[in-house]
>>> print(open('final16.txt').read())   # compact mmCIF, C-alpha atoms (C1' of nucleotides)
# COMPACT_ATOMS: atom_id res chain seq x y z
CA MET L 1 -19.90 36.73 15.93
CA THR L 2 -16.77 38.77 16.26
CA ARG L 3 -14.14 37.42 18.61
CA TRP L 4 -13.25 40.74 20.24
CA LEU L 5 -9.96 41.28 22.01
CA ASP L 6 -9.97 40.88 25.76
CA GLU L 7 -8.26 43.37 28.04
CA GLU L 8 -4.90 41.66 27.92
CA GLU L 9 -4.91 41.22 24.16
CA GLN L 10 -5.90 44.84 23.75
CA GLN L 11 -2.90 45.92 25.80
CA THR L 12 -0.62 43.62 23.89
CA TRP L 13 -1.80 44.85 20.54
CA ARG L 14 -1.45 48.50 21.47
CA ALA L 15 1.98 47.99 22.94
CA PHE L 16 3.02 46.16 19.81
CA LEU L 17 1.71 48.93 17.59
CA GLY L 18 3.37 51.58 19.69
CA ALA L 19 6.69 49.79 19.77
CA HIS L 20 6.60 49.30 16.04
CA ARG L 21 5.86 52.91 15.32
CA LEU L 22 8.33 54.35 17.79
CA VAL L 23 11.26 52.07 17.06
CA PHE L 24 10.93 52.11 13.34
CA ASP L 25 10.29 55.85 13.06
CA GLN L 26 13.22 56.57 15.32
CA LEU L 27 15.63 54.42 13.33
CA ASP L 28 14.37 55.80 10.06
CA ARG L 29 14.77 59.35 11.27
CA GLU L 30 18.32 58.72 12.51
CA LEU L 31 19.32 57.07 9.29
CA GLN L 32 17.82 59.84 7.22
CA ARG L 33 19.46 62.53 9.29
CA ASP L 34 22.91 60.96 9.57
CA SER L 35 23.22 59.50 6.09
CA GLY L 36 20.39 60.83 3.96
CA ILE L 37 19.17 57.30 3.27
CA PRO L 38 15.63 56.19 4.00
CA HIS L 39 15.51 52.86 5.72
CA ALA L 40 13.83 51.10 2.80
CA TYR L 41 16.72 52.09 0.56
CA TYR L 42 19.29 51.10 3.12
CA GLU L 43 17.86 47.62 3.15
CA ILE L 44 18.13 47.37 -0.63
CA LEU L 45 21.77 48.37 -0.48
CA VAL L 46 22.41 45.75 2.20
CA ARG L 47 20.83 42.98 0.18
CA LEU L 48 22.82 43.93 -2.88
CA SER L 49 26.06 44.10 -0.92
CA GLU L 50 25.53 40.54 0.26
CA ALA L 51 24.82 39.09 -3.17
CA PRO L 52 27.47 37.50 -5.38
CA ASP L 53 29.05 40.24 -7.51
CA ARG L 54 26.90 42.68 -5.54
CA ALA L 55 24.19 42.23 -8.14
CA LEU L 56 20.67 40.78 -8.19
CA ARG L 57 17.72 40.47 -10.52
CA MET L 58 15.00 42.94 -9.67
CA SER L 59 12.53 40.25 -8.72
CA ALA L 60 15.01 38.42 -6.51
CA LEU L 61 15.85 41.70 -4.84
CA ALA L 62 12.17 42.42 -4.31
CA ASP L 63 11.66 39.05 -2.64
CA ARG L 64 14.68 39.43 -0.40
CA SER L 65 13.66 42.88 0.78
CA GLN L 66 9.97 42.03 1.24
CA SER L 67 9.22 44.75 -1.23
CA SER L 68 6.66 45.01 -3.98
CA ARG L 69 7.98 45.19 -7.50
CA SER L 70 6.58 48.64 -7.91
CA ARG L 71 8.22 49.97 -4.80
CA LEU L 72 11.49 48.42 -5.80
CA SER L 73 11.31 49.92 -9.23
CA HIS L 74 10.78 53.41 -7.86
CA ALA L 75 13.46 52.89 -5.24
CA VAL L 76 16.09 51.63 -7.63
CA ALA L 77 15.35 54.50 -9.96
CA ARG L 78 16.15 56.89 -7.15
CA LEU L 79 19.23 54.94 -6.06
CA GLU L 80 20.40 55.09 -9.64
CA ASP L 81 19.98 58.87 -9.64
CA ASN L 82 22.27 58.92 -6.61
CA GLY L 83 24.85 56.83 -8.45
CA TRP L 84 24.60 54.03 -5.91
CA VAL L 85 23.10 51.40 -8.16
CA GLU L 86 23.27 50.63 -11.86
CA ARG L 87 20.70 48.75 -13.88
CA ARG L 88 21.81 46.52 -16.73
CA SER L 89 19.72 44.22 -18.82
CA CYS L 90 20.13 40.54 -18.38
CA ALA L 91 21.56 38.36 -21.14
CA ASP L 92 19.45 35.23 -20.83
CA ASP L 93 16.10 36.93 -20.18
CA LYS L 94 15.38 40.06 -22.11
CA ARG L 95 12.62 41.05 -19.69
CA GLY L 96 15.09 40.96 -16.84
CA GLN L 97 16.99 43.82 -15.27
CA VAL L 98 19.92 43.31 -12.94
CA ALA L 99 20.69 45.85 -10.26
CA HIS L 100 24.41 46.30 -9.55
CA LEU L 101 25.73 48.02 -6.45
CA THR L 102 28.33 50.59 -7.49
CA ASP L 103 31.47 51.42 -5.53
CA ALA L 104 29.89 54.68 -4.51
CA GLY L 105 26.87 52.76 -3.28
CA PHE L 106 29.04 50.41 -1.28
CA ALA L 107 30.88 53.35 0.21
CA ALA L 108 27.62 55.05 1.18
CA LEU L 109 26.48 51.86 2.84
CA ALA L 110 29.76 51.44 4.67
CA ALA L 111 29.48 55.00 5.94
CA ALA L 112 25.91 54.58 7.14
CA ALA L 113 26.17 51.12 8.67
CA PRO L 114 27.98 51.78 11.96
CA GLY L 115 25.58 54.49 13.05
CA HIS L 116 22.59 52.45 12.07
CA VAL L 117 23.80 49.36 13.87
CA GLU L 118 24.35 51.43 16.98
CA GLY L 119 20.80 52.69 16.63
CA VAL L 120 19.45 49.16 16.37
CA ARG L 121 21.42 48.19 19.45
CA ALA L 122 20.26 51.18 21.39
CA HIS L 123 16.59 50.93 20.50
CA VAL L 124 16.09 47.19 20.19
CA PHE L 125 18.67 44.99 21.86
CA ASP L 126 19.79 47.07 24.79
CA PRO L 127 16.30 47.45 26.30
CA LEU L 128 15.76 43.66 26.17
CA THR L 129 17.16 40.79 28.19
CA PRO L 130 18.89 37.94 26.33
CA ASP L 131 15.83 35.78 26.97
CA GLN L 132 13.60 38.39 25.45
CA VAL L 133 15.80 38.64 22.39
CA ARG L 134 15.41 34.93 21.84
CA GLN L 135 11.66 35.18 22.38
CA LEU L 136 11.44 38.07 19.97
CA ARG L 137 13.11 36.02 17.28
CA GLU L 138 10.72 33.14 17.76
CA ILE L 139 7.69 35.40 17.85
CA SER L 140 8.75 37.27 14.74
CA THR L 141 9.38 34.06 12.87
CA ALA L 142 5.96 32.76 13.86
CA LEU L 143 4.30 35.99 12.70
CA VAL L 144 6.03 35.90 9.35
CA LYS L 145 4.91 32.34 8.82
CA GLY L 146 1.41 33.28 9.93
CA VAL L 147 1.02 36.04 7.38
CA LEU L 148 2.58 34.12 4.54
CA ALA L 149 0.45 31.06 5.21
CA GLY L 150 -2.59 32.95 6.35
CA PRO L 151 -4.69 34.97 3.93
CA ASP L 152 -4.57 33.31 0.55
CA ALA L 153 -1.16 31.77 0.05
CA PRO L 154 -1.70 28.10 -0.77
CA ASP L 155 1.58 26.95 0.71
CA CYS L 156 5.26 27.71 0.63
CA ASP L 157 7.36 26.59 -2.28
CA MET R 1 34.65 50.54 17.51
CA THR R 2 31.25 49.51 16.27
CA ARG R 3 29.51 46.77 18.18
CA TRP R 4 28.31 44.80 15.15
CA LEU R 5 25.45 42.35 15.37
CA ASP R 6 26.36 38.72 15.77
CA GLU R 7 24.69 36.00 13.74
CA GLU R 8 21.85 35.50 16.16
CA GLU R 9 21.13 39.19 16.56
CA GLN R 10 21.21 39.60 12.82
CA GLN R 11 18.55 36.91 12.42
CA THR R 12 16.47 38.42 15.18
CA TRP R 13 16.60 41.86 13.68
CA ARG R 14 15.67 40.71 10.20
CA ALA R 15 12.85 38.55 11.48
CA PHE R 16 11.56 41.49 13.48
CA LEU R 17 11.72 43.80 10.48
CA GLY R 18 10.06 41.25 8.24
CA ALA R 19 7.31 40.48 10.72
CA HIS R 20 6.48 44.11 11.19
CA ARG R 21 6.42 44.88 7.54
CA LEU R 22 4.30 41.89 6.62
CA VAL R 23 1.84 42.09 9.48
CA PHE R 24 1.35 45.80 9.36
CA ASP R 25 1.12 46.03 5.59
CA GLN R 26 -1.33 43.18 5.50
CA LEU R 27 -3.62 44.71 8.10
CA ASP R 28 -3.40 48.11 6.48
CA ARG R 29 -4.28 46.67 3.11
CA GLU R 30 -7.24 44.73 4.48
CA LEU R 31 -8.57 47.75 6.31
CA GLN R 32 -8.16 49.95 3.27
CA ARG R 33 -9.83 47.44 1.00
CA ASP R 34 -12.72 46.50 3.27
CA SER R 35 -13.49 49.90 4.74
CA GLY R 36 -11.52 52.52 2.83
CA ILE R 37 -9.80 53.64 6.03
CA PRO R 38 -6.01 53.72 6.34
CA HIS R 39 -4.83 52.25 9.59
CA ALA R 40 -3.50 55.55 10.92
CA TYR R 41 -6.95 57.07 10.57
CA TYR R 42 -8.62 54.07 12.11
CA GLU R 43 -6.53 54.54 15.19
CA ILE R 44 -7.56 58.17 15.47
CA LEU R 45 -11.20 57.20 15.26
CA VAL R 46 -10.68 54.59 17.97
CA ARG R 47 -9.05 57.04 20.34
CA LEU R 48 -11.81 59.56 19.81
CA SER R 49 -14.50 56.94 20.32
CA GLU R 50 -13.00 56.09 23.71
CA ALA R 51 -12.79 59.65 24.96
CA PRO R 52 -15.47 61.33 27.05
CA ASP R 53 -18.02 62.91 24.69
CA ARG R 54 -16.05 61.34 21.86
CA ALA R 55 -13.92 64.47 21.72
CA LEU R 56 -10.30 65.34 22.41
CA ARG R 57 -7.93 68.27 22.11
CA MET R 58 -5.64 67.89 19.12
CA SER R 59 -2.53 67.63 21.24
CA ALA R 60 -4.05 65.03 23.55
CA LEU R 61 -5.14 63.05 20.53
CA ALA R 62 -1.66 63.29 19.06
CA ASP R 63 -0.11 61.93 22.25
CA ARG R 64 -2.57 59.08 22.51
CA SER R 65 -2.03 57.99 18.94
CA GLN R 66 1.75 58.36 18.98
CA SER R 67 1.37 60.81 16.15
CA SER R 68 3.15 64.03 15.36
CA ARG R 69 1.07 67.17 15.43
CA SER R 70 1.62 67.67 11.75
CA ARG R 71 0.46 64.21 10.85
CA LEU R 72 -2.57 64.56 13.04
CA SER R 73 -3.45 67.88 11.52
CA HIS R 74 -3.34 66.48 8.01
CA ALA R 75 -5.22 63.38 9.08
CA VAL R 76 -8.01 65.21 10.87
CA ALA R 77 -8.40 67.50 7.88
CA ARG R 78 -9.05 64.50 5.73
CA LEU R 79 -11.33 62.86 8.28
CA GLU R 80 -13.26 66.10 8.35
CA ASP R 81 -13.61 65.98 4.58
CA ASN R 82 -15.13 62.55 5.00
CA GLY R 83 -17.58 63.88 7.56
CA TRP R 84 -16.22 61.59 10.28
CA VAL R 85 -14.75 64.25 12.52
CA GLU R 86 -15.59 67.86 13.29
CA ARG R 87 -13.20 70.48 14.59
CA ARG R 88 -14.43 73.13 16.99
CA SER R 89 -12.43 75.73 18.79
CA CYS R 90 -12.03 75.41 22.47
CA ALA R 91 -13.58 77.91 24.87
CA ASP R 92 -10.92 78.22 27.54
CA ASP R 93 -7.90 78.20 25.22
CA LYS R 94 -8.27 80.08 21.98
CA ARG R 95 -5.30 78.28 20.49
CA GLY R 96 -6.96 74.96 21.05
CA GLN R 97 -8.97 72.87 18.65
CA VAL R 98 -11.15 70.01 19.75
CA ALA R 99 -11.80 67.10 17.43
CA HIS R 100 -15.27 65.59 17.78
CA LEU R 101 -16.21 62.20 16.38
CA THR R 102 -19.43 62.53 14.41
CA ASP R 103 -22.17 59.93 14.28
CA ALA R 104 -21.10 59.09 10.76
CA GLY R 105 -17.54 58.61 12.01
CA PHE R 106 -18.70 56.34 14.79
CA ALA R 107 -20.74 54.35 12.31
CA ALA R 108 -17.77 53.99 9.97
CA LEU R 109 -15.66 52.79 12.85
CA ALA R 110 -18.32 50.34 13.98
CA ALA R 111 -18.51 48.97 10.46
CA ALA R 112 -14.77 48.56 10.12
CA ALA R 113 -13.97 47.20 13.56
CA PRO R 114 -15.12 43.57 13.34
CA GLY R 115 -13.16 42.86 10.19
CA HIS R 116 -10.09 44.57 11.52
CA VAL R 117 -10.21 42.71 14.82
CA GLU R 118 -10.50 39.46 12.93
CA GLY R 119 -7.45 40.47 10.94
CA VAL R 120 -5.47 41.22 14.08
CA ARG R 121 -6.46 37.86 15.49
CA ALA R 122 -5.59 36.02 12.33
CA HIS R 123 -2.22 37.68 11.77
CA VAL R 124 -1.03 38.31 15.32
CA PHE R 125 -2.67 36.27 18.04
CA ASP R 126 -3.53 33.05 16.27
CA PRO R 127 0.06 32.29 15.18
CA LEU R 128 1.33 32.74 18.75
CA THR R 129 1.04 30.64 21.88
CA PRO R 130 -0.41 32.26 25.02
CA ASP R 131 3.09 32.40 26.46
CA GLN R 132 4.34 34.21 23.40
CA VAL R 133 1.52 36.71 23.61
CA ARG R 134 2.56 37.56 27.14
CA GLN R 135 6.19 37.80 26.09
CA LEU R 136 5.28 40.03 23.19
CA ARG R 137 3.52 42.42 25.52
CA GLU R 138 6.52 42.63 27.82
CA ILE R 139 8.94 43.04 24.95
CA SER R 140 6.86 45.75 23.31
CA THR R 141 6.53 47.62 26.56
CA ALA R 142 10.28 47.46 27.09
CA LEU R 143 10.94 48.75 23.59
CA VAL R 144 8.58 51.66 24.01
CA LYS R 145 10.28 52.61 27.23
CA GLY R 146 13.66 52.20 25.58
CA VAL R 147 12.90 54.62 22.78
CA LEU R 148 11.21 57.18 24.98
CA ALA R 149 14.03 57.15 27.49
CA GLY R 150 16.79 56.56 25.01
CA PRO R 151 17.91 59.19 22.55
CA ASP R 152 17.49 62.61 24.09
CA ALA R 153 14.40 62.59 26.23
CA PRO R 154 15.45 63.97 29.64
CA ASP R 155 12.80 62.01 31.51
CA CYS R 156 9.12 61.36 31.49
CA ASP R 157 6.74 63.93 32.85
C1' DC S 1 0.44 96.86 30.70
C1' DT S 2 3.77 95.13 27.74
C1' DG S 3 7.23 92.30 25.82
C1' DT S 4 9.31 87.83 25.32
C1' DG S 5 9.42 82.90 25.20
C1' DG S 6 6.93 78.95 24.63
C1' DA S 7 2.92 76.09 23.29
C1' DC S 8 -0.90 74.98 19.87
C1' DG S 9 -2.05 73.98 15.56
C1' DT S 10 -1.72 74.59 10.44
C1' DT S 11 0.37 74.75 5.96
C1' DG S 12 3.17 73.58 1.80
C1' DA S 13 7.00 71.29 -0.42
C1' DG S 14 9.11 67.10 -1.14
C1' DC S 15 9.41 62.28 -0.72
C1' DC S 16 7.91 57.48 -0.51
C1' DC S 17 4.39 54.05 -1.15
C1' DT S 18 0.27 51.82 -3.25
C1' DC S 19 -2.75 50.66 -6.86
C1' DA S 20 -3.92 49.91 -11.37
C1' DA S 21 -2.71 50.06 -15.98
C1' DC S 22 0.69 49.07 -19.54
C1' DT S 23 4.75 47.17 -22.49
C1' DT S 24 7.74 43.73 -23.44
C1' DT S 25 9.13 39.12 -23.38
C1' DC S 26 8.87 34.23 -22.19
C1' DT S 27 6.10 29.93 -22.22
C1' DT S 28 2.78 26.73 -23.26
C1' DG S 29 -0.54 24.25 -26.16
C1' DC S 30 -2.10 23.53 -30.64
C1' DG X 1 5.05 28.53 -36.16
C1' DC X 2 1.53 31.02 -33.57
C1' DA X 3 -1.79 32.71 -30.49
C1' DA X 4 -3.15 32.97 -25.41
C1' DG X 5 -1.66 33.59 -21.04
C1' DA X 6 1.71 34.43 -17.52
C1' DA X 7 5.76 36.86 -15.81
C1' DA X 8 9.17 40.95 -15.41
C1' DG X 9 9.44 45.71 -14.85
C1' DT X 10 7.89 50.33 -15.42
C1' DT X 11 4.97 54.26 -15.11
C1' DG X 12 1.65 57.82 -13.37
C1' DA X 13 -1.90 59.28 -10.34
C1' DG X 14 -3.28 59.70 -5.74
C1' DG X 15 -2.52 59.75 -0.95
C1' DG X 16 0.02 59.87 3.54
C1' DC X 17 4.15 61.29 6.11
C1' DT X 18 8.06 64.41 7.41
C1' DC X 19 10.25 68.62 7.93
C1' DA X 20 10.56 73.36 8.42
C1' DA X 21 8.30 77.63 8.65
C1' DC X 22 4.54 80.20 10.08
C1' DG X 23 0.50 82.66 12.66
C1' DT X 24 -1.88 82.78 16.76
C1' DC X 25 -2.34 82.78 21.49
C1' DC X 26 -1.05 81.93 26.56
C1' DA X 27 2.02 82.86 30.63
C1' DC X 28 5.09 85.19 33.13
C1' DA X 29 8.50 88.90 34.28
C1' DG X 30 9.25 93.54 34.80
>>> encode(input="final16.txt", output="structure tokens")
Amino acid sequence: MTRWLDEEEQQTWRAFLGAHRLVFDQLDRELQRDSGIPHAYYEILVRLSEAPDRALRMSALADRSQSSRSRLSHAVARLEDNGWVERRSCADDKRGQVAHLTDAGFAALAAAAPGHVEGVRAHVFDPLTPDQVRQLREISTALVKGVLAGPDAPDCD
Amino acid sequence: MTRWLDEEEQQTWRAFLGAHRLVFDQLDRELQRDSGIPHAYYEILVRLSEAPDRALRMSALADRSQSSRSRLSHAVARLEDNGWVERRSCADDKRGQVAHLTDAGFAALAAAAPGHVEGVRAHVFDPLTPDQVRQLREISTALVKGVLAGPDAPDCD
DNA sequence: CTGTGGACGTTGAGCCCTCAACTTTCTTGC
DNA sequence: GCAAGAAAGTTGAGGGCTCAACGTCCACAG
């Protein structure tokens, strides 16, 4: 019944797993050490910094950072403790909360970004050829579509 | 100073991040739900099942699963609680501990494997063309080498 | 034989994430 | 208007991971 992996697929899968773990752990560790920001929180700060007025509804922020609402809620609570984000309630929807990036938060992001970008270059782009970078983008896009369309999602909106 | 990412690199990086998060989280969730095994533990069971006598020194197991010693120690403790692994001390090196996969552990792995392999197929291989699978293997291998050779590792032994 | 440095493995604190409730508010149908 | 259901966020328990510190043991130099 089961369509087992052949030798080549096995190798591919293990290499993929290994690359994921090594690259991501390395970047996370560097970011944590150099700036005291876990990578998940860094991404939230980035998304906020790109939004108009540096502010976003919690649910919009969750979508943009591929994060669950629960994780985002915990994360923003901690970012708020650090003074990097402020939560305000939303005028037109009383259920809504809007996360605002503070100046301190923007400064923390600006301080962390150069080192992190260098890390991404060093561990992701530098080891690859330009062709491979293009291939990686296409593969990643295909995988994202695969998961979103795969298990139970009816179709994209 | 900083070599920022251009538009294309930015897209590549975000697609890569998103793909990893979605694929890995999805597989982890399926494995947890269908078999009650987190993916990190599944991998340990796999490595043990492949070893001669289904047993490995802790440090060898850590290397093979790209795991820190600390993580492995915690993980094996929990696997032992579940009755899936047994730790015995090693005759020739009194510091050493050898993790043995029990019959119950092998059975748990055998029960979980088909569903997990189907998940890997569905979320990784099916969305890709054969060419992309090959490319993914080469890219992953290059990334692994990049991290291992990159930051501070003097050279491989 | 003995001391020192390194390797093996474990432990505990702290942090982040997930899952499953739960509260509040909006929306829809009657 | 009002009740039922869906949506937005939050919370707390439970579990896994990291980091740093530790105890134990090997290996090698004197």
>>> closest_residue(input="final16.txt", among="R:Leu22, R:Leu17, R:Ile44, R:Ala77", to="chain S", atoms="all atoms listed in the file")
R:Ala77
>>> interface_residues(input="final16.txt", of="chain L", to="chain S", cutoff="8 Å", atoms="all atoms listed in the file", output="list in words")
Arg71, Asp93, Lys94 and Arg95 of chain L
>>> atom_distance(input="final16.txt", atom1="atom CA of Glu86 of chain L", atom2="atom CA of Val46 of chain L")
14.9 Å
>>> interface_residues(input="final16.txt", of="chain X", to="chain L", cutoff="12 Å", atoms="only C-alpha atoms (C1' of nucleotides)", output="number ranges by chain")
X: 7-12, 17-19
>>> atom_distance(input="final16.txt", atom1="atom CA of Pro52 of chain R", atom2="atom CA of Asp92 of chain R")
17.5 Å
>>> atom_distance(input="final16.txt", atom1="atom CA of Ala60 of chain R", atom2="atom CA of Val144 of chain R")
18.4 Å
>>> interface_residues(input="final16.txt", of="chain R", to="chain L", cutoff="6 Å", atoms="all atoms listed in the file", output="PDB file with C-alpha atoms, in the frame of the given file")
ATOM      1  CA  THR R   2      31.250  49.510  16.270  1.00  0.00           C
ATOM      2  CA  THR R  12      16.470  38.420  15.180  1.00  0.00           C
ATOM      3  CA  ALA R  15      12.850  38.550  11.480  1.00  0.00           C
ATOM      4  CA  PHE R  16      11.560  41.490  13.480  1.00  0.00           C
ATOM      5  CA  ALA R  19       7.310  40.480  10.720  1.00  0.00           C
ATOM      6  CA  PRO R 114     -15.120  43.570  13.340  1.00  0.00           C
ATOM      7  CA  HIS R 123      -2.220  37.680  11.770  1.00  0.00           C
ATOM      8  CA  PRO R 127       0.060  32.290  15.180  1.00  0.00           C
ATOM      9  CA  ARG R 137       3.520  42.420  25.520  1.00  0.00           C
ATOM     10  CA  SER R 140       6.860  45.750  23.310  1.00  0.00           C
ATOM     11  CA  THR R 141       6.530  47.620  26.560  1.00  0.00           C
ATOM     12  CA  LEU R 143      10.940  48.750  23.590  1.00  0.00           C
ATOM     13  CA  VAL R 144       8.580  51.660  24.010  1.00  0.00           C
ATOM     14  CA  GLY R 146      13.660  52.200  25.580  1.00  0.00           C
ATOM     15  CA  VAL R 147      12.900  54.620  22.780  1.00  0.00           C
TER      16      VAL R 147
END
>>> residues_around(input="final16.txt", residues="segment 81-83 of chain R", least_positions_apart="3", cutoff="10 Å", atoms="all atoms listed in the file", output="MDAnalysis selection string")
chainID R and resid 75:78 86 101:105
>>> decode(input="final16.txt", residues="segment 82-146 of chain R", atoms="C-alpha atoms", output="mmCIF file, in the first residue's frame")
data_model
loop_
_atom_site.group_PDB
_atom_site.id
_atom_site.type_symbol
_atom_site.label_atom_id
_atom_site.label_comp_id
_atom_site.auth_asym_id
_atom_site.auth_seq_id
_atom_site.Cartn_x
_atom_site.Cartn_y
_atom_site.Cartn_z
ATOM 1 C CA ASN R 82 7.502 5.574 26.864
ATOM 2 C CA GLY R 83 9.278 2.243 26.859
ATOM 3 C CA TRP R 84 10.580 2.755 23.328
ATOM 4 C CA VAL R 85 14.260 3.018 24.149
ATOM 5 C CA GLU R 86 16.505 1.570 26.830
ATOM 6 C CA ARG R 87 19.776 3.028 28.034
ATOM 7 C CA ARG R 88 22.592 0.728 29.072
ATOM 8 C CA SER R 89 26.094 1.639 30.030
ATOM 9 C CA CYS R 90 28.852 0.713 27.718
ATOM 10 C CA ALA R 91 31.466 -1.864 28.668
ATOM 11 C CA ASP R 92 34.618 -0.400 27.169
ATOM 12 C CA ASP R 93 33.945 3.236 28.070
ATOM 13 C CA LYS R 94 32.375 3.865 31.432
ATOM 14 C CA ARG R 95 31.338 7.353 30.405
ATOM 15 C CA GLY R 96 29.357 5.975 27.533
ATOM 16 C CA GLN R 97 25.680 5.202 27.326
ATOM 17 C CA VAL R 98 24.167 3.104 24.596
ATOM 18 C CA ALA R 99 20.592 3.655 23.512
ATOM 19 C CA HIS R 100 18.780 0.484 22.472
ATOM 20 C CA LEU R 101 15.541 0.492 20.520
ATOM 21 C CA THR R 102 13.063 -1.811 22.237
ATOM 22 C CA ASP R 103 10.563 -4.022 20.461
ATOM 23 C CA ALA R 104 7.828 -1.657 21.545
ATOM 24 C CA GLY R 105 9.788 1.230 20.056
ATOM 25 C CA PHE R 106 10.243 -0.599 16.796
ATOM 26 C CA ALA R 107 6.550 -1.373 16.723
ATOM 27 C CA ALA R 108 5.653 2.264 17.350
ATOM 28 C CA LEU R 109 7.945 3.301 14.543
ATOM 29 C CA ALA R 110 6.497 0.695 12.197
ATOM 30 C CA ALA R 111 3.017 1.941 12.991
ATOM 31 C CA ALA R 112 3.895 5.572 12.406
ATOM 32 C CA ALA R 113 6.044 5.211 9.311
ATOM 33 C CA PRO R 114 3.484 4.624 6.548
ATOM 34 C CA GLY R 115 1.423 7.656 7.442
ATOM 35 C CA HIS R 116 4.465 9.829 7.785
ATOM 36 C CA VAL R 117 5.913 8.721 4.465
ATOM 37 C CA GLU R 118 2.601 9.493 2.819
ATOM 38 C CA GLY R 119 2.749 12.931 4.380
ATOM 39 C CA VAL R 120 6.249 13.536 3.074
ATOM 40 C CA ARG R 121 5.127 12.474 -0.371
ATOM 41 C CA ALA R 122 2.052 14.633 -0.281
ATOM 42 C CA HIS R 123 3.750 17.771 1.013
ATOM 43 C CA VAL R 124 7.206 17.514 -0.528
ATOM 44 C CA PHE R 125 7.565 15.235 -3.519
ATOM 45 C CA ASP R 126 4.163 15.430 -5.135
ATOM 46 C CA PRO R 127 4.215 19.223 -5.581
ATOM 47 C CA LEU R 128 7.621 19.055 -7.300
ATOM 48 C CA THR R 129 8.744 17.880 -10.709
ATOM 49 C CA PRO R 130 11.481 15.227 -10.895
ATOM 50 C CA ASP R 131 13.912 17.930 -11.969
ATOM 51 C CA GLN R 132 13.034 19.998 -8.950
ATOM 52 C CA VAL R 133 13.531 17.037 -6.654
ATOM 53 C CA ARG R 134 17.043 16.635 -7.988
ATOM 54 C CA GLN R 135 17.686 20.350 -7.636
ATOM 55 C CA LEU R 136 16.376 20.311 -4.093
ATOM 56 C CA ARG R 137 18.806 17.581 -3.178
ATOM 57 C CA GLU R 138 21.746 19.494 -4.598
ATOM 58 C CA ILE R 139 20.671 22.736 -2.974
ATOM 59 C CA SER R 140 20.153 21.114 0.415
ATOM 60 C CA THR R 141 23.515 19.424 0.237
ATOM 61 C CA ALA R 142 25.181 22.723 -0.618
ATOM 62 C CA LEU R 143 23.465 24.459 2.285
ATOM 63 C CA VAL R 144 24.521 21.802 4.745
ATOM 64 C CA LYS R 145 28.097 22.110 3.594
ATOM 65 C CA GLY R 146 27.835 25.877 3.765
#
